[in-house]
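Undergrad: Contents of entry-v1.pdb (PDB, C-alpha atoms):
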```pdb
MODEL        1
ATOM      1  CA  MET A 720      22.181  68.393  55.130
ATOM      2  CA  ASP A 721      19.332  69.290  57.438
ATOM      3  CA  ILE A 722      17.760  72.694  56.956
ATOM      4  CA  SER A 723      15.871  72.678  60.237
ATOM      5  CA  ASP A 724      16.136  70.721  63.450
ATOM      6  CA  ASP A 725      12.733  71.879  64.688
ATOM      7  CA  ASP A 726      10.756  68.972  66.074
ATOM      8  CA  GLN A 727       7.783  69.103  63.699
ATOM      9  CA  LYS A 728       6.736  65.448  63.539
ATOM     10  CA  LEU A 729       3.754  64.117  61.649
ATOM     11  CA  ASP A 730       0.897  63.199  63.994
ATOM     12  CA  PRO A 731       0.786  59.369  64.292
ATOM     13  CA  GLU A 732      -2.845  59.480  63.119
ATOM     14  CA  TRP A 733      -1.592  60.433  59.626
ATOM     15  CA  VAL A 734       1.392  58.073  59.527
ATOM     16  CA  GLU A 735      -1.009  55.143  59.159
ATOM     17  CA  VAL A 736      -2.892  56.743  56.245
ATOM     18  CA  GLY A 737       0.002  56.294  53.848
ATOM     19  CA  SER A 738       0.579  58.457  50.807
ATOM     20  CA  ASN A 739      -2.564  60.414  49.906
ATOM     21  CA  VAL A 740      -1.233  63.564  48.244
ATOM     22  CA  CYS A 741       0.945  64.212  45.217
ATOM     23  CA  GLY A 742       1.736  67.203  43.098
ATOM     24  CA  VAL A 743       4.113  69.106  40.885
ATOM     25  CA  LEU A 744       5.630  72.516  41.543
ATOM     26  CA  ARG A 745       6.438  74.097  38.178
ATOM     27  CA  GLY A 746       9.445  76.250  37.443
ATOM     28  CA  CYS A 747      11.547  75.418  40.499
ATOM     29  CA  ARG A 748      13.916  72.501  40.010
ATOM     30  CA  ASP A 749      15.900  73.192  43.207
ATOM     31  CA  ALA A 750      14.264  71.137  45.974
ATOM     32  CA  SER A 751      16.394  72.901  48.603
ATOM     33  CA  VAL A 752      14.724  76.213  47.728
ATOM     34  CA  VAL A 753      11.308  74.583  48.161
ATOM     35  CA  ALA A 754      12.383  73.001  51.469
ATOM     36  CA  GLN A 755      13.673  76.353  52.738
ATOM     37  CA  HIS A 756      10.303  77.913  51.916
ATOM     38  CA  PHE A 757       8.531  75.279  54.029
ATOM     39  CA  VAL A 758      10.977  75.904  56.897
ATOM     40  CA  ARG A 759      10.169  79.633  56.786
ATOM     41  CA  ALA A 760       6.502  78.602  57.091
ATOM     42  CA  GLY A 761       7.324  76.739  60.330
ATOM     43  CA  TRP A 762       7.876  73.217  59.001
ATOM     44  CA  SER A 763      10.882  70.991  59.678
ATOM     45  CA  SER A 764      13.084  69.704  56.874
ATOM     46  CA  ARG A 765      15.834  67.160  56.374
ATOM     47  CA  SER A 766      17.738  65.789  53.440
ATOM     48  CA  SER A 767      16.252  62.528  52.131
ATOM     49  CA  SER A 768      18.463  61.884  49.070
ATOM     50  CA  TRP A 769      21.208  63.529  47.027
ATOM     51  CA  HIS A 770      18.834  66.252  45.833
ATOM     52  CA  GLY A 771      15.597  65.631  47.735
ATOM     53  CA  TYR A 772      14.161  66.728  51.054
ATOM     54  CA  GLU A 773      11.470  65.625  53.435
ATOM     55  CA  VAL A 774       9.407  68.480  54.857
ATOM     56  CA  GLU A 775       7.084  67.894  57.759
ATOM     57  CA  THR A 776       4.620  69.401  60.175
ATOM     58  CA  SER A 777       2.046  67.805  62.491
ATOM     59  CA  TRP A 778      -0.530  67.558  59.683
ATOM     60  CA  CYS A 779       1.578  66.857  56.574
ATOM     61  CA  GLN A 780       4.766  65.111  55.471
ATOM     62  CA  LEU A 781       6.095  65.503  51.926
ATOM     63  CA  GLU A 782       8.993  64.263  49.863
ATOM     64  CA  VAL A 783      10.289  67.103  47.685
ATOM     65  CA  GLU A 784      12.266  65.756  44.701
ATOM     66  CA  PRO A 785      13.501  67.417  41.500
ATOM     67  CA  ILE A 786      12.347  65.643  38.327
ATOM     68  CA  ASP A 787      13.407  65.915  34.679
ATOM     69  CA  GLY A 788      12.944  69.428  33.423
ATOM     70  CA  PRO A 789      12.288  72.536  35.515
ATOM     71  CA  ASP A 790       9.831  71.004  37.994
ATOM     72  CA  THR A 791       9.744  69.519  41.484
ATOM     73  CA  LEU A 792       7.670  66.498  42.507
ATOM     74  CA  LEU A 793       5.790  66.476  45.817
ATOM     75  CA  ASN A 794       4.279  63.380  47.403
ATOM     76  CA  GLY A 795       3.349  62.196  50.858
ATOM     77  CA  VAL A 796       0.543  62.389  53.366
ATOM     78  CA  VAL A 797      -1.702  65.265  54.432
ATOM     79  CA  ASP A 798      -4.634  65.669  56.801
ATOM     80  CA  PRO A 799      -7.441  65.926  54.204
ATOM     81  CA  GLN A 800      -9.044  68.753  56.209
ATOM     82  CA  ARG A 801      -5.882  70.830  55.650
ATOM     83  CA  PHE A 802      -5.396  70.138  51.943
ATOM     84  CA  ASP A 803      -6.239  73.768  51.075
ATOM     85  CA  GLU A 804      -3.750  74.971  53.684
ATOM     86  CA  LEU A 805      -1.023  72.977  51.914
ATOM     87  CA  GLY A 806      -2.044  74.724  48.702
ATOM     88  CA  GLY A 807      -1.681  78.052  50.517
ATOM     89  CA  VAL A 808       1.906  77.244  51.521
ATOM     90  CA  LEU A 809       2.714  76.443  47.885
ATOM     91  CA  HIS A 810       0.850  79.521  46.657
ATOM     92  CA  CYS A 811       3.208  81.721  48.695
ATOM     93  CA  LEU A 812       6.099  80.474  46.546
ATOM     94  CA  GLY A 813       4.560  82.380  43.644
ATOM     95  CA  LEU A 814       4.873  79.441  41.246
ATOM     96  CA  SER A 815       2.257  77.385  39.448
ATOM     97  CA  TYR A 816       1.516  73.978  40.911
ATOM     98  CA  SER A 817      -0.925  71.110  40.925
ATOM     99  CA  LEU A 818      -1.941  69.033  43.939
ATOM    100  CA  GLU A 819      -4.070  65.901  44.081
ATOM    101  CA  LEU A 820      -5.673  64.370  47.182
ATOM    102  CA  TYR A 821      -6.542  60.674  47.161
ATOM    103  CA  GLU A 822      -8.696  58.466  49.354
ATOM    104  CA  GLY A 823      -7.549  55.055  50.649
ATOM    105  CA  ASP A 824      -8.524  53.121  47.523
ATOM    106  CA  GLU A 825      -6.594  55.588  45.333
ATOM    107  CA  THR A 826      -9.726  57.491  44.329
ATOM    108  CA  LEU A 827      -9.044  61.129  43.403
ATOM    109  CA  VAL A 828     -11.001  63.258  45.897
ATOM    110  CA  ARG A 829      -9.771  66.823  45.270
ATOM    111  CA  GLU A 830      -7.475  68.612  42.894
ATOM    112  CA  ILE A 831      -5.932  72.085  42.882
ATOM    113  CA  ARG A 832      -4.291  73.562  39.786
ATOM    114  CA  VAL A 833      -2.765  77.018  39.973
TER     115      VAL A 833
ENDMDL
END
```
What does this structure look like when you write it as structure tokens?

TA:
Amino acid sequence: MDISDDDQKLDPEWVEVGSNVCGVLRGCRDASVVAQHFVRAGWSSRSSSWHGYEVETSWCQLEVEPIDGPDTLLNGVVDPQRFDELGGVLHCLGLSYSLELYEGDETLVREIRV
């Protein structure tokens, strides 16, 4: 089920980068709640699996999937210049999280743990 039909597509410049961000959102197993939060922040969202969602804006695209236990896995692509902005969207959920930003050769560039 789609949460939002807004046309927030990832800029083609970032499509070619491939996955460069991953993280864990602690204490929220329901990926639909996370997806709804992104929609309220102006992102688009659509169902990507039985329990997962893809959330997207012009500078970031994430898969939001529940994992074993009470957490949600995040992975996808982000404009590196807006990595902190992604952290801000997660911060507004009021939950602890970790985010990692990687460079093309899978070198860890930045990390946020809250």

Undergrad: Translate the PyMOL selection byres ((chain A and resi 752-767) around 12) into a concrete residue list for this structure, as a PyMOL selection string.

TA: chain A and resi 720-729+743-751+768-785+790-793+804-814

Undergrad: So that I can check the surroundings of Ser738 of chain A, please list as a ChimeraX atom specification every protein, DNA and RNA residue that reaches within 10 Å of it, counting all atoms listed in the file and ignoring chain neighbours fewer than 2 positions away.

TA: /A:733-736,740-741,780-781,794-797,820-823,825

Undergrad: Taking all atoms listed in the file into account, name the residue in A:Asp787, A:Tyr816, A:Asn739, A:Glu732 that is nearest to Val828 of chain A.

TA: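 Closest to Val828 of chain A of all the choices is A:Asn739.
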
Undergrad: Rounded to one decimal place, report the atom CA of Glu830 of chain A-atom CA of Pro789 of chain A distance in Å.

TA: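 Computing the Euclidean distance for atom CA of Glu830 of chain A and atom CA of Pro789 of chain A yields 21.5 Å.
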
Undergrad: Work out how far atom CA of Phe802 of chain A is from atom CA of Ser817 of chain A, in Å to one decimal.

TA: 11.9 Å

Undergrad: Report, in Å to a single decimal, how far apart atom CA of Thr826 of chain A and atom CA of Arg801 of chain A are.

TA: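 About the pair atom CA of Arg801 of chain A and atom CA of Thr826 of chain A: they are 17.9 Å apart.
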
Undergrad: With distances taken over all atoms listed in the file, which residue among A:Leu827, A:Val833, A:Asp730, A:Asp798 lies nearest Ser815 of chain A?

TA: A:Val833
